[in-house]
Amino acid sequence: MKRNDRKATPNAGRLRKKEARAFLIDIFDGQPDGQFSLKDLFAMLRAKTHPAKMVIIDTLDEMIEAEFLWQPARGVFALNPRYDTDDADDDEASSLIGHRFVGRLEVERRYAFLVATDRTLRQDIFIPKAALHGALNGQKAIVEITEWPARSRNPVGRVVEVLGNTGDNNVEMHAILAEYGLPYDYPEAVSQAAEKLNPEPAAADLEGREDFRSALTFTIDPRDAKDFDDALSLRPAGDGLWEVGVHIADVSHYIQEGDIIDREAQRRATSVYLVDRTIPMLPERLCNGVCSLRPDEDKLCFSAIFLLDGEARVRSGRLAHTVIRSDRRFTYEEVQPVLRPDSGTAEVEERFVGPLRTLWGLASQLRDRRFKSGSIGFERPEVRFDIDEKGTPVGTYIVESNESHWLIEEFMLLANRSVAESVAFGTPGRFTPAKGRRSAKAAPKVLPYRIHDLPAPEKLMQLHDFTARFGYRLRTEGSKTDVSRSINKLLADAKGKREEALVEMVALRCMQKARYSIHNIGHYGLMFDHYTHFTSPIRRYPDLMVHRLLTRYMDGARSASATKYEGLCEHSSNMEQLATQAERASIKYKQVEFMGARIGQEYDGRITGVTEFGFYVECDETHCEGMVALRDIEGDYYDFDAKNLCLTGRRQHHKLALGDRVRIRVARANLEKRQLDYLFLKKYGEK
């Protein structure tokens, strides 16, 4: 029987937690399918004073902890379906049969439940004892829903795979991958097929290839990289011209379309980069061995070769299948002092110094011209972890882009752009200056483009309104170049200011997501009319598709199937998003784990987000973000100002806003929920 026969509303003037809990139970029991915002609940309980609202917020938090309630979205509350006696929706139930979920097992004597990590499944999965297959209480597991009986609150499932004990690093990383439907190991048959490939090119493999083994060639990659899929070569071409070769691993030579390795690569679509490991798209034998452009080894490549003048303008260029021999493997840290002597002491052989500086001179002109054309410059630093042999985070550090990164970036962008233009203008594999191009006589042949749409007008207005609070002016109308230049000016003006990170974060959020499609609309962020991905076939399947299509088109073949390749583009875009989400989940897990060993310690930080429940703080020292709950702020009651994104104290009128410098203490770290809680100590600038 529902407990809905009590009086409809409490005495809001003296609302106590016990009374609030009783009335909230009435509300949710009376409408088990209902979802209520805080504003709804305040109105239903006649809570008009701040103390009454705080009582309700505290009570809701306790009911969530007790798993009576859950939050289907931020600021929205609903009855936890485990307590709901109504039938599950028939369509929902049938659509979930066969689906797999990851979570923690709660094992009783005769049955068990899987508490799923994925909150889209509101119900826990009931598992009969016979379907446990030896799984133990507290272990992480993958469970498949087998049925959802009529009038049952919970779906029924079976354990498909036991991942291992909760808290074990490998188990937790595998659980994150499984949560997003991503693989964490390789099928044995695929690995065996890769082992049969010969790492050394045979004489027959070199037939018809241009030989670049005598050209000075090198790779520049992160210090922990193992798969080197791009290299640069440089040699003078007379009359002040330079021949620059952008050499890309010729993966398509080793993987035939439709073979067992290709099918697995297509399914994965991308390599996944978690905080402590890489889950490669290709078997390790290929990505780290056969195809990797390692120094002092002959390697097969698909190369974009440019003839550049002293102003880095393309005089001519072409695509060619080549063989190269890298002379040196550089890290970004090794190259940076060569390009910027004030950044450290260079320890690079003299024969590389001149070529590196020449390439940077060309790249810097490409970069300057790109930004003058409206390319948007987001340069957000990345947080990385130092991990011990057990996978435990022992430190954090920041990776920022600099000249050594930009050198590689500009030539990769040039290659990707030129390849796309060559197909779009009907000259596959041949690069011509803009003034020498002619429109294609027929429709361009099918190619997977990397596209990026303009920001939605309402998002631009939100960015305009937000940055206006800091005194900035942003154009929201005019040509797309006018708007992009205005965004660049905004980012430049905010550089070095306290709000820099916040302005860049909000600007990023107003951008659309880049994706793959055969229907070209250009790339707004780069301000390129034509752009594709050609330079990373070891770790991205669209690049492998582009290599194959270019080879066909250069041989005069007709256009490929639009339907087939648009489907592959959509799949690749979806897998890219899943990989990004898994990467973020792994970073958040390590942040919580790292700060969990520092409970009680105090740090300085900056407010990075404000909500009606509290505010988020990123620590200066550790770069880990946690939340300060409104209920934990002592000394005053705070009201949320959604328009100005701040909290204001009712009595003392102190404000806590985006960008404010604060002191916090680490309070709680919940690994299972990937949730980090801080206590607010003080705001700098206040006594």
# chains A, B, ... in the order shown; residues from 1 in each chain; ligands from 1
$ closest_atom_pairs --of "stretch 252-344 of chain A" --to "stretch 227-236 of chain A" --cutoff "8 Å" --atoms "only C-alpha atoms" --output "Markdown table"
| residue | atom | partner | partner_atom | distance |
| --- | --- | --- | --- | --- |
| A:Cys287 | CA | A:Asp227 | CA | 5.4 |
| A:Asn288 | CA | A:Asp227 | CA | 4.7 |
| A:Gly289 | CA | A:Asp227 | CA | 7.7 |
| A:Cys291 | CA | A:Asp229 | CA | 7.3 |
| A:Ser292 | CA | A:Phe228 | CA | 4.8 |
| A:Leu293 | CA | A:Phe228 | CA | 5.1 |
| A:Arg294 | CA | A:Phe228 | CA | 6.7 |
| A:Ser326 | CA | A:Ala231 | CA | 7.5 |
$ residues_around --residues "A:Arg417" --least-positions-apart "2" --cutoff "7 Å" --atoms "only C-alpha atoms" --output "PyMOL selection string"
chain A and resi 413-415+419-421+530-532
$ residues_around --residues "stretch 110-120 of chain A" --least-positions-apart "3" --cutoff "10 Å" --atoms "only C-alpha atoms" --output "ChimeraX atom specification"
/A:70-73,100-107,123-132,135-143,154-159,175-176,179-180,672-673
$ write_last_selection --atoms "N, CA and C atoms" --output "tab-separated table (two decimals), in the first residue's frame"
chain	number	residue	atom	x	y	z
A	70	TRP	N	17.42	8.21	-6.59
A	70	TRP	CA	18.57	8.34	-7.48
A	70	TRP	C	18.37	9.60	-8.32
A	71	GLN	N	19.43	10.02	-9.04
A	71	GLN	CA	19.36	11.22	-9.86
A	71	GLN	C	19.54	10.86	-11.33
A	72	PRO	N	18.44	10.82	-12.10
A	72	PRO	CA	18.56	10.53	-13.54
A	72	PRO	C	19.28	11.64	-14.29
A	73	ALA	N	19.34	12.85	-13.71
A	73	ALA	CA	20.09	13.97	-14.29
A	73	ALA	C	20.43	14.91	-13.15
A	100	ARG	N	24.41	-6.12	-22.04
A	100	ARG	CA	25.36	-6.44	-20.97
A	100	ARG	C	25.72	-5.20	-20.17
A	101	PHE	N	25.86	-5.39	-18.87
A	101	PHE	CA	26.18	-4.29	-17.98
A	101	PHE	C	27.32	-4.69	-17.05
A	102	VAL	N	28.08	-3.68	-16.64
A	102	VAL	CA	29.22	-3.89	-15.75
A	102	VAL	C	28.87	-3.32	-14.39
A	103	GLY	N	29.31	-4.00	-13.34
A	103	GLY	CA	29.06	-3.47	-12.01
A	103	GLY	C	29.64	-4.34	-10.92
A	104	ARG	N	29.18	-4.07	-9.70
A	104	ARG	CA	29.66	-4.79	-8.51
A	104	ARG	C	28.57	-5.76	-8.06
A	105	LEU	N	28.99	-6.97	-7.70
A	105	LEU	CA	28.05	-8.01	-7.28
A	105	LEU	C	27.77	-7.93	-5.78
A	106	GLU	N	26.49	-8.02	-5.44
A	106	GLU	CA	26.06	-8.17	-4.05
A	106	GLU	C	25.45	-9.56	-3.92
A	107	VAL	N	26.20	-10.49	-3.33
A	107	VAL	CA	25.81	-11.91	-3.32
A	107	VAL	C	25.21	-12.28	-1.97
A	123	GLN	N	17.41	-0.08	-12.48
A	123	GLN	CA	17.21	-1.25	-11.64
A	123	GLN	C	18.49	-2.06	-11.50
A	124	ASP	N	18.69	-2.66	-10.33
A	124	ASP	CA	19.75	-3.65	-10.18
A	124	ASP	C	19.30	-4.94	-10.87
A	125	ILE	N	20.27	-5.71	-11.34
A	125	ILE	CA	19.95	-6.94	-12.07
A	125	ILE	C	19.95	-8.12	-11.10
A	126	PHE	N	18.82	-8.83	-11.04
A	126	PHE	CA	18.70	-10.02	-10.18
A	126	PHE	C	19.39	-11.20	-10.86
A	127	ILE	N	20.21	-11.92	-10.08
A	127	ILE	CA	20.96	-13.06	-10.63
A	127	ILE	C	20.69	-14.29	-9.77
A	128	PRO	N	20.03	-15.31	-10.34
A	128	PRO	CA	19.84	-16.56	-9.58
A	128	PRO	C	21.20	-17.18	-9.24
A	129	LYS	N	21.24	-17.94	-8.18
A	129	LYS	CA	22.50	-18.53	-7.73
A	129	LYS	C	23.15	-19.37	-8.83
A	130	ALA	N	22.33	-20.08	-9.59
A	130	ALA	CA	22.87	-20.96	-10.64
A	130	ALA	C	23.51	-20.16	-11.78
A	131	ALA	N	23.16	-18.88	-11.88
A	131	ALA	CA	23.71	-18.06	-12.96
A	131	ALA	C	24.91	-17.23	-12.52
A	132	LEU	N	25.39	-17.46	-11.28
A	132	LEU	CA	26.54	-16.70	-10.77
A	132	LEU	C	27.86	-17.23	-11.33
A	135	ALA	N	31.01	-16.51	-9.20
A	135	ALA	CA	31.34	-15.13	-8.84
A	135	ALA	C	31.11	-14.90	-7.35
A	136	LEU	N	31.92	-14.04	-6.77
A	136	LEU	CA	31.89	-13.80	-5.33
A	136	LEU	C	31.39	-12.40	-5.01
A	137	ASN	N	30.95	-12.24	-3.79
A	137	ASN	CA	30.45	-10.96	-3.32
A	137	ASN	C	31.52	-9.87	-3.45
A	138	GLY	N	31.12	-8.72	-4.00
A	138	GLY	CA	32.03	-7.59	-4.11
A	138	GLY	C	32.87	-7.57	-5.37
A	139	GLN	N	32.83	-8.64	-6.16
A	139	GLN	CA	33.62	-8.66	-7.38
A	139	GLN	C	32.98	-7.84	-8.48
A	140	LYS	N	33.82	-7.36	-9.41
A	140	LYS	CA	33.32	-6.70	-10.60
A	140	LYS	C	33.02	-7.78	-11.64
A	141	ALA	N	31.91	-7.60	-12.35
A	141	ALA	CA	31.51	-8.61	-13.32
A	141	ALA	C	30.75	-7.98	-14.47
A	142	ILE	N	30.67	-8.72	-15.57
A	142	ILE	CA	29.82	-8.36	-16.70
A	142	ILE	C	28.62	-9.30	-16.67
A	143	VAL	N	27.43	-8.73	-16.68
A	143	VAL	CA	26.20	-9.51	-16.57
A	143	VAL	C	25.31	-9.21	-17.77
A	154	ASN	N	12.79	-6.08	-11.17
A	154	ASN	CA	14.18	-6.17	-11.62
A	154	ASN	C	14.33	-7.12	-12.80
A	155	PRO	N	15.20	-6.78	-13.75
A	155	PRO	CA	15.53	-7.74	-14.80
A	155	PRO	C	16.33	-8.90	-14.20
A	156	VAL	N	16.33	-10.02	-14.91
A	156	VAL	CA	17.08	-11.20	-14.48
A	156	VAL	C	18.27	-11.36	-15.42
A	157	GLY	N	19.41	-11.72	-14.86
A	157	GLY	CA	20.58	-11.84	-15.70
A	157	GLY	C	21.48	-12.99	-15.31
A	158	ARG	N	22.56	-13.15	-16.07
A	158	ARG	CA	23.55	-14.17	-15.79
A	158	ARG	C	24.94	-13.55	-15.90
A	159	VAL	N	25.86	-14.06	-15.10
A	159	VAL	CA	27.23	-13.57	-15.15
A	159	VAL	C	27.90	-14.10	-16.41
A	175	ALA	N	37.03	-2.85	-16.25
A	175	ALA	CA	35.62	-2.54	-15.99
A	175	ALA	C	35.20	-1.26	-16.72
A	176	ILE	N	36.08	-0.26	-16.74
A	176	ILE	CA	35.78	0.98	-17.45
A	176	ILE	C	35.63	0.70	-18.95
A	179	GLU	N	32.44	-1.15	-19.53
A	179	GLU	CA	31.29	-0.25	-19.32
A	179	GLU	C	30.92	0.48	-20.59
A	180	TYR	N	31.92	0.83	-21.39
A	180	TYR	CA	31.67	1.55	-22.64
A	180	TYR	C	31.68	0.64	-23.86
A	672	GLU	N	34.12	3.81	-6.16
A	672	GLU	CA	33.07	3.14	-6.93
A	672	GLU	C	32.24	4.14	-7.71
A	673	LYS	N	31.96	5.29	-7.11
A	673	LYS	CA	31.18	6.33	-7.78
A	673	LYS	C	32.07	7.33	-8.52
$ atom_distance --atom1 "atom CA of A:Leu282" --atom2 "atom CA of A:Ser536"
11.8 Å
$ residues_around --residues "A:Arg367" --least-positions-apart "2" --cutoff "12 Å" --atoms "only C-alpha atoms" --output "PyMOL selection string"
chain A and resi 311-313+360-365+369-377+403+405-414+526
$ atom_distance --atom1 "atom CA of A:Val506" --atom2 "atom CA of A:Arg277"
29.3 Å
$ select_by_dssp --residues "stretch 48-196 of chain A" --states "helix (DSSP H, G or I)" --output "JSON, numbers by chain"
{"A": [50, 51, 52, 53, 54, 55, 56, 57, 58, 59, 60, 61, 62, 63, 64, 65, 81, 82, 83, 90, 91, 92, 93, 94, 95, 96, 129, 130, 131, 169, 170, 171, 172, 173, 174, 175, 176, 177, 178, 179, 188, 189, 190, 191, 192, 193, 194, 195]}
$ write_last_selection --atoms "C-alpha atoms" --output "PDB file, in the first residue's frame"
ATOM      1  CA  HIS A  50      16.708  29.094   3.089  1.00  0.00           C
ATOM      2  CA  PRO A  51      16.895  26.915   6.269  1.00  0.00           C
ATOM      3  CA  ALA A  52      13.882  24.896   5.078  1.00  0.00           C
ATOM      4  CA  LYS A  53      15.457  24.415   1.649  1.00  0.00           C
ATOM      5  CA  MET A  54      18.707  23.246   3.230  1.00  0.00           C
ATOM      6  CA  VAL A  55      16.810  20.681   5.330  1.00  0.00           C
ATOM      7  CA  ILE A  56      15.248  19.306   2.136  1.00  0.00           C
ATOM      8  CA  ILE A  57      18.591  19.216   0.318  1.00  0.00           C
ATOM      9  CA  ASP A  58      20.264  17.396   3.226  1.00  0.00           C
ATOM     10  CA  THR A  59      17.389  14.906   3.418  1.00  0.00           C
ATOM     11  CA  LEU A  60      17.523  14.237  -0.328  1.00  0.00           C
ATOM     12  CA  ASP A  61      21.265  13.576  -0.086  1.00  0.00           C
ATOM     13  CA  GLU A  62      20.693  11.062   2.707  1.00  0.00           C
ATOM     14  CA  MET A  63      17.936   9.328   0.719  1.00  0.00           C
ATOM     15  CA  ILE A  64      20.296   9.026  -2.253  1.00  0.00           C
ATOM     16  CA  GLU A  65      23.003   7.557   0.001  1.00  0.00           C
ATOM     17  CA  PRO A  81      13.399   1.448  -9.097  1.00  0.00           C
ATOM     18  CA  ARG A  82      14.588  -1.143  -6.583  1.00  0.00           C
ATOM     19  CA  TYR A  83      11.914   0.306  -4.275  1.00  0.00           C
ATOM     20  CA  ASP A  90       7.223  -3.652 -21.492  1.00  0.00           C
ATOM     21  CA  ASP A  91       9.090  -1.971 -24.340  1.00  0.00           C
ATOM     22  CA  GLU A  92      11.963  -0.996 -22.085  1.00  0.00           C
ATOM     23  CA  ALA A  93      12.151  -4.501 -20.650  1.00  0.00           C
ATOM     24  CA  SER A  94      12.194  -6.273 -24.014  1.00  0.00           C
ATOM     25  CA  SER A  95      14.729  -3.849 -25.505  1.00  0.00           C
ATOM     26  CA  LEU A  96      17.232  -4.555 -22.729  1.00  0.00           C
ATOM     27  CA  LYS A 129      22.503 -18.533  -7.734  1.00  0.00           C
ATOM     28  CA  ALA A 130      22.868 -20.957 -10.640  1.00  0.00           C
ATOM     29  CA  ALA A 131      23.715 -18.058 -12.961  1.00  0.00           C
ATOM     30  CA  ASN A 169      43.896  -1.708 -10.970  1.00  0.00           C
ATOM     31  CA  ASN A 170      43.603  -4.056 -13.969  1.00  0.00           C
ATOM     32  CA  VAL A 171      40.102  -5.013 -12.924  1.00  0.00           C
ATOM     33  CA  GLU A 172      39.003  -1.388 -12.620  1.00  0.00           C
ATOM     34  CA  MET A 173      40.508  -0.411 -15.989  1.00  0.00           C
ATOM     35  CA  HIS A 174      38.908  -3.438 -17.662  1.00  0.00           C
ATOM     36  CA  ALA A 175      35.616  -2.536 -15.992  1.00  0.00           C
ATOM     37  CA  ILE A 176      35.776   0.982 -17.455  1.00  0.00           C
ATOM     38  CA  LEU A 177      36.446  -0.418 -20.924  1.00  0.00           C
ATOM     39  CA  ALA A 178      33.657  -2.962 -20.585  1.00  0.00           C
ATOM     40  CA  GLU A 179      31.293  -0.252 -19.315  1.00  0.00           C
ATOM     41  CA  GLU A 188      43.820 -15.069 -30.320  1.00  0.00           C
ATOM     42  CA  ALA A 189      43.162 -15.676 -34.011  1.00  0.00           C
ATOM     43  CA  VAL A 190      43.823 -12.000 -34.814  1.00  0.00           C
ATOM     44  CA  SER A 191      47.075 -11.980 -32.848  1.00  0.00           C
ATOM     45  CA  GLN A 192      48.200 -15.160 -34.601  1.00  0.00           C
ATOM     46  CA  ALA A 193      47.478 -13.631 -38.017  1.00  0.00           C
ATOM     47  CA  ALA A 194      49.596 -10.608 -37.090  1.00  0.00           C
ATOM     48  CA  GLU A 195      52.487 -12.804 -35.968  1.00  0.00           C
TER      49      GLU A 195
END
$ atom_distance --atom1 "atom CA of A:Glu382" --atom2 "atom CA of A:Tyr397"
8.4 Å
$ residues_around --residues "A:Glu625" --least-positions-apart "2" --cutoff "10 Å" --atoms "only C-alpha atoms" --output "list of chain:residue names"
A:Lys588, A:Gln591, A:Val592, A:Met595, A:Gly605, A:Arg606, A:Ile607, A:Thr608, A:Gly609, A:Tyr616, A:Val617, A:Glu618, A:Cys619, A:Asp620, A:Thr622, A:His623, A:Met627, A:Gln675, A:Leu676, A:Asp677, A:Tyr678
$ write_last_selection --atoms "N, CA and C atoms" --output "mmCIF file, in the first residue's frame"
data_model
loop_
_atom_site.group_PDB
_atom_site.id
_atom_site.type_symbol
_atom_site.label_atom_id
_atom_site.label_comp_id
_atom_site.auth_asym_id
_atom_site.auth_seq_id
_atom_site.Cartn_x
_atom_site.Cartn_y
_atom_site.Cartn_z
ATOM 1 N N LYS A 588 39.320 10.257 -14.112
ATOM 2 C CA LYS A 588 38.572 10.577 -12.899
ATOM 3 C C LYS A 588 38.820 9.527 -11.824
ATOM 4 N N GLN A 591 42.158 10.210 -10.325
ATOM 5 C CA GLN A 591 42.101 11.397 -9.485
ATOM 6 C C GLN A 591 41.548 11.059 -8.111
ATOM 7 N N VAL A 592 40.457 10.307 -8.093
ATOM 8 C CA VAL A 592 39.840 9.928 -6.817
ATOM 9 C C VAL A 592 40.780 9.026 -6.027
ATOM 10 N N MET A 595 43.762 11.221 -4.651
ATOM 11 C CA MET A 595 43.379 12.093 -3.543
ATOM 12 C C MET A 595 42.825 11.311 -2.362
ATOM 13 N N GLY A 605 43.270 26.004 -4.564
ATOM 14 C CA GLY A 605 42.680 25.653 -5.845
ATOM 15 C C GLY A 605 41.844 26.782 -6.409
ATOM 16 N N ARG A 606 41.156 26.462 -7.483
ATOM 17 C CA ARG A 606 40.328 27.453 -8.176
ATOM 18 C C ARG A 606 38.960 26.841 -8.455
ATOM 19 N N ILE A 607 37.906 27.629 -8.291
ATOM 20 C CA ILE A 607 36.552 27.147 -8.562
ATOM 21 C C ILE A 607 36.366 27.006 -10.073
ATOM 22 N N THR A 608 36.012 25.802 -10.515
ATOM 23 C CA THR A 608 35.859 25.516 -11.943
ATOM 24 C C THR A 608 34.407 25.274 -12.356
ATOM 25 N N GLY A 609 33.501 25.218 -11.396
ATOM 26 C CA GLY A 609 32.095 25.014 -11.718
ATOM 27 C C GLY A 609 31.233 25.331 -10.521
ATOM 28 N N TYR A 616 32.668 23.130 -7.775
ATOM 29 C CA TYR A 616 33.802 22.266 -8.074
ATOM 30 C C TYR A 616 35.098 23.058 -7.952
ATOM 31 N N VAL A 617 36.139 22.387 -7.454
ATOM 32 C CA VAL A 617 37.445 23.012 -7.277
ATOM 33 C C VAL A 617 38.515 22.115 -7.880
ATOM 34 N N GLU A 618 39.411 22.721 -8.663
ATOM 35 C CA GLU A 618 40.588 22.003 -9.147
ATOM 36 C C GLU A 618 41.799 22.457 -8.348
ATOM 37 N N CYS A 619 42.505 21.490 -7.742
ATOM 38 C CA CYS A 619 43.663 21.803 -6.919
ATOM 39 C C CYS A 619 44.833 22.264 -7.787
ATOM 40 N N ASP A 620 45.526 23.291 -7.321
ATOM 41 C CA ASP A 620 46.688 23.794 -8.060
ATOM 42 C C ASP A 620 47.787 22.741 -8.142
ATOM 43 N N THR A 622 47.759 19.269 -7.475
ATOM 44 C CA THR A 622 47.501 17.932 -8.002
ATOM 45 C C THR A 622 46.665 17.933 -9.277
ATOM 46 N N HIS A 623 46.016 19.059 -9.581
ATOM 47 C CA HIS A 623 45.154 19.199 -10.763
ATOM 48 C C HIS A 623 43.958 18.252 -10.705
ATOM 49 N N MET A 627 34.295 18.141 -5.516
ATOM 50 C CA MET A 627 33.132 18.992 -5.270
ATOM 51 C C MET A 627 33.027 19.373 -3.806
ATOM 52 N N GLN A 675 33.853 9.662 -7.208
ATOM 53 C CA GLN A 675 33.375 10.917 -6.636
ATOM 54 C C GLN A 675 34.353 11.409 -5.575
ATOM 55 N N LEU A 676 34.754 12.679 -5.699
ATOM 56 C CA LEU A 676 35.728 13.283 -4.802
ATOM 57 C C LEU A 676 35.084 14.483 -4.126
ATOM 58 N N ASP A 677 35.100 14.496 -2.782
ATOM 59 C CA ASP A 677 34.475 15.576 -2.020
ATOM 60 C C ASP A 677 35.524 16.368 -1.260
ATOM 61 N N TYR A 678 35.407 17.704 -1.344
ATOM 62 C CA TYR A 678 36.277 18.612 -0.609
ATOM 63 C C TYR A 678 35.456 19.392 0.422
#
$ select_by_dssp --residues "stretch 274-473 of chain A" --states "strand (DSSP E or B)" --output "ChimeraX atom specification"
/A:274,277-279,298-308,314-325,328-331,382-387,393-399,430-431,449-452
$ write_last_selection --atoms "C-alpha atoms" --output "short mmCIF file (atom, residue, chain, number, x, y, z; two decimals), in the first residue's frame"
data_model
loop_
_atom_site.label_atom_id
_atom_site.label_comp_id
_atom_site.auth_asym_id
_atom_site.auth_seq_id
_atom_site.Cartn_x
_atom_site.Cartn_y
_atom_site.Cartn_z
CA LEU A 274 43.45 5.18 -20.70
CA ARG A 277 47.68 1.99 -20.81
CA THR A 278 46.92 1.99 -24.51
CA ILE A 279 44.44 -0.45 -26.01
CA ASP A 298 63.52 -0.02 -43.67
CA LYS A 299 59.82 0.82 -43.50
CA LEU A 300 57.03 1.06 -46.08
CA CYS A 301 55.16 4.36 -46.13
CA PHE A 302 52.46 6.31 -47.92
CA SER A 303 54.01 9.78 -48.17
CA ALA A 304 52.82 13.30 -48.83
CA ILE A 305 55.76 15.11 -50.47
CA PHE A 306 55.75 18.91 -50.66
CA LEU A 307 57.90 21.43 -52.48
CA LEU A 308 57.81 24.54 -50.24
CA VAL A 314 53.19 24.87 -51.51
CA ARG A 315 54.65 25.16 -55.01
CA SER A 316 53.74 21.57 -55.86
CA GLY A 317 53.30 18.22 -54.18
CA ARG A 318 52.23 14.62 -54.57
CA LEU A 319 51.37 11.38 -52.82
CA ALA A 320 53.63 8.39 -53.31
CA HIS A 321 54.17 4.93 -51.90
CA THR A 322 57.70 4.99 -50.51
CA VAL A 323 60.35 3.20 -48.48
CA ILE A 324 62.13 5.18 -45.75
CA ARG A 325 64.77 4.59 -43.09
CA ARG A 328 66.62 9.14 -35.32
CA ARG A 329 63.76 8.80 -32.88
CA PHE A 330 63.24 12.11 -31.00
CA THR A 331 61.04 12.95 -28.03
CA GLU A 382 46.73 17.94 -20.14
CA VAL A 383 47.01 16.33 -16.71
CA ARG A 384 49.03 13.10 -16.60
CA PHE A 385 49.79 10.67 -13.77
CA ASP A 386 53.00 9.00 -12.69
CA ILE A 387 51.96 5.39 -12.10
CA PRO A 393 49.05 6.99 -9.05
CA VAL A 394 52.02 8.46 -7.16
CA GLY A 395 52.16 11.92 -8.74
CA THR A 396 50.68 14.24 -11.35
CA TYR A 397 52.25 16.46 -13.97
CA ILE A 398 51.12 18.80 -16.73
CA VAL A 399 51.86 18.36 -20.44
CA ARG A 430 48.48 15.70 -56.65
CA PHE A 431 48.80 18.94 -54.68
CA TYR A 449 36.20 13.85 -44.34
CA ARG A 450 36.88 15.10 -40.85
CA ILE A 451 34.16 17.72 -40.42
CA HIS A 452 33.41 20.28 -37.74
#
$ closest_residue --among "A:Cys510, A:Arg46, A:Asn574, A:Gln35" --to "A:Gly181" --atoms "only C-alpha atoms"
A:Asn574
$ closest_atom_pairs --of "stretch 214-297 of chain A" --to "stretch 550-556 of chain A" --cutoff "12 Å" --atoms "only C-alpha atoms" --output "tab-separated table"
residue	atom	partner	partner_atom	distance
A:Asp250	CA	A:Thr551	CA	10.9
A:Ser252	CA	A:Thr551	CA	9.5
A:His253	CA	A:Thr551	CA	10.5
$ residues_around --residues "stretch 657-659 of chain A" --least-positions-apart "5" --cutoff "12 Å" --atoms "only C-alpha atoms" --output "number ranges by chain"
A: 466-467, 469-470, 497-506, 605-611, 614-618, 638-649, 683-684
$ residues_around --residues "A:Leu474" --least-positions-apart "6" --cutoff "12 Å" --atoms "only C-alpha atoms" --output "number ranges by chain"
A: 460-468, 482-491, 493, 503, 507
$ write_last_selection --atoms "N, CA and C atoms" --output "CSV table (one decimal), in the first residue's frame"
chain,number,residue,atom,x,y,z
A,460,LEU,N,26.8,30.3,-28.8
A,460,LEU,CA,27.7,31.5,-28.9
A,460,LEU,C,27.2,32.6,-28.0
A,461,MET,N,25.8,32.7,-27.9
A,461,MET,CA,25.3,33.8,-27.0
A,461,MET,C,25.6,33.5,-25.6
A,462,GLN,N,25.6,32.2,-25.2
A,462,GLN,CA,25.9,31.8,-23.8
A,462,GLN,C,27.4,32.2,-23.5
A,463,LEU,N,28.3,31.9,-24.5
A,463,LEU,CA,29.7,32.3,-24.3
A,463,LEU,C,29.8,33.8,-24.3
A,464,HIS,N,29.1,34.5,-25.1
A,464,HIS,CA,29.1,36.0,-25.1
A,464,HIS,C,28.7,36.5,-23.7
A,465,ASP,N,27.6,36.0,-23.2
A,465,ASP,CA,27.1,36.5,-21.9
A,465,ASP,C,28.0,36.1,-20.8
A,466,PHE,N,28.6,34.9,-20.8
A,466,PHE,CA,29.5,34.5,-19.7
A,466,PHE,C,30.7,35.4,-19.7
A,467,THR,N,31.4,35.6,-20.9
A,467,THR,CA,32.6,36.3,-20.9
A,467,THR,C,32.4,37.8,-20.7
A,468,ALA,N,31.2,38.3,-21.0
A,468,ALA,CA,30.9,39.7,-20.7
A,468,ALA,C,31.1,40.1,-19.2
A,482,ASP,N,34.9,35.9,-39.1
A,482,ASP,CA,34.8,37.0,-38.2
A,482,ASP,C,34.6,36.5,-36.8
A,483,VAL,N,33.7,35.5,-36.6
A,483,VAL,CA,33.4,34.9,-35.3
A,483,VAL,C,34.6,34.2,-34.8
A,484,SER,N,35.3,33.4,-35.6
A,484,SER,CA,36.4,32.6,-35.2
A,484,SER,C,37.6,33.5,-34.7
A,485,ARG,N,37.8,34.6,-35.5
A,485,ARG,CA,38.8,35.5,-35.1
A,485,ARG,C,38.5,36.2,-33.7
A,486,SER,N,37.2,36.4,-33.5
A,486,SER,CA,36.8,37.0,-32.3
A,486,SER,C,37.0,36.1,-31.1
A,487,ILE,N,36.8,34.8,-31.4
A,487,ILE,CA,37.0,33.8,-30.3
A,487,ILE,C,38.5,33.7,-30.0
A,488,ASN,N,39.4,33.8,-31.1
A,488,ASN,CA,40.8,33.8,-30.9
A,488,ASN,C,41.3,35.0,-30.0
A,489,LYS,N,40.7,36.1,-30.3
A,489,LYS,CA,41.0,37.3,-29.6
A,489,LYS,C,40.6,37.2,-28.1
A,490,LEU,N,39.4,36.6,-27.9
A,490,LEU,CA,39.0,36.3,-26.5
A,490,LEU,C,40.0,35.5,-25.8
A,491,LEU,N,40.4,34.4,-26.4
A,491,LEU,CA,41.4,33.5,-25.8
A,491,LEU,C,42.7,34.1,-25.5
A,493,ASP,N,43.2,37.4,-25.1
A,493,ASP,CA,43.0,38.5,-24.1
A,493,ASP,C,42.9,37.9,-22.7
A,503,VAL,N,37.5,30.6,-19.2
A,503,VAL,CA,37.1,31.1,-20.5
A,503,VAL,C,37.3,30.1,-21.6
A,507,ALA,N,34.4,28.2,-23.8
A,507,ALA,CA,34.5,28.3,-25.2
A,507,ALA,C,34.6,27.0,-25.9
$ closest_residue --among "A:Val290, A:Arg668, A:Arg661, A:Asn402" --to "A:Pro381" --atoms "only C-alpha atoms"
A:Asn402
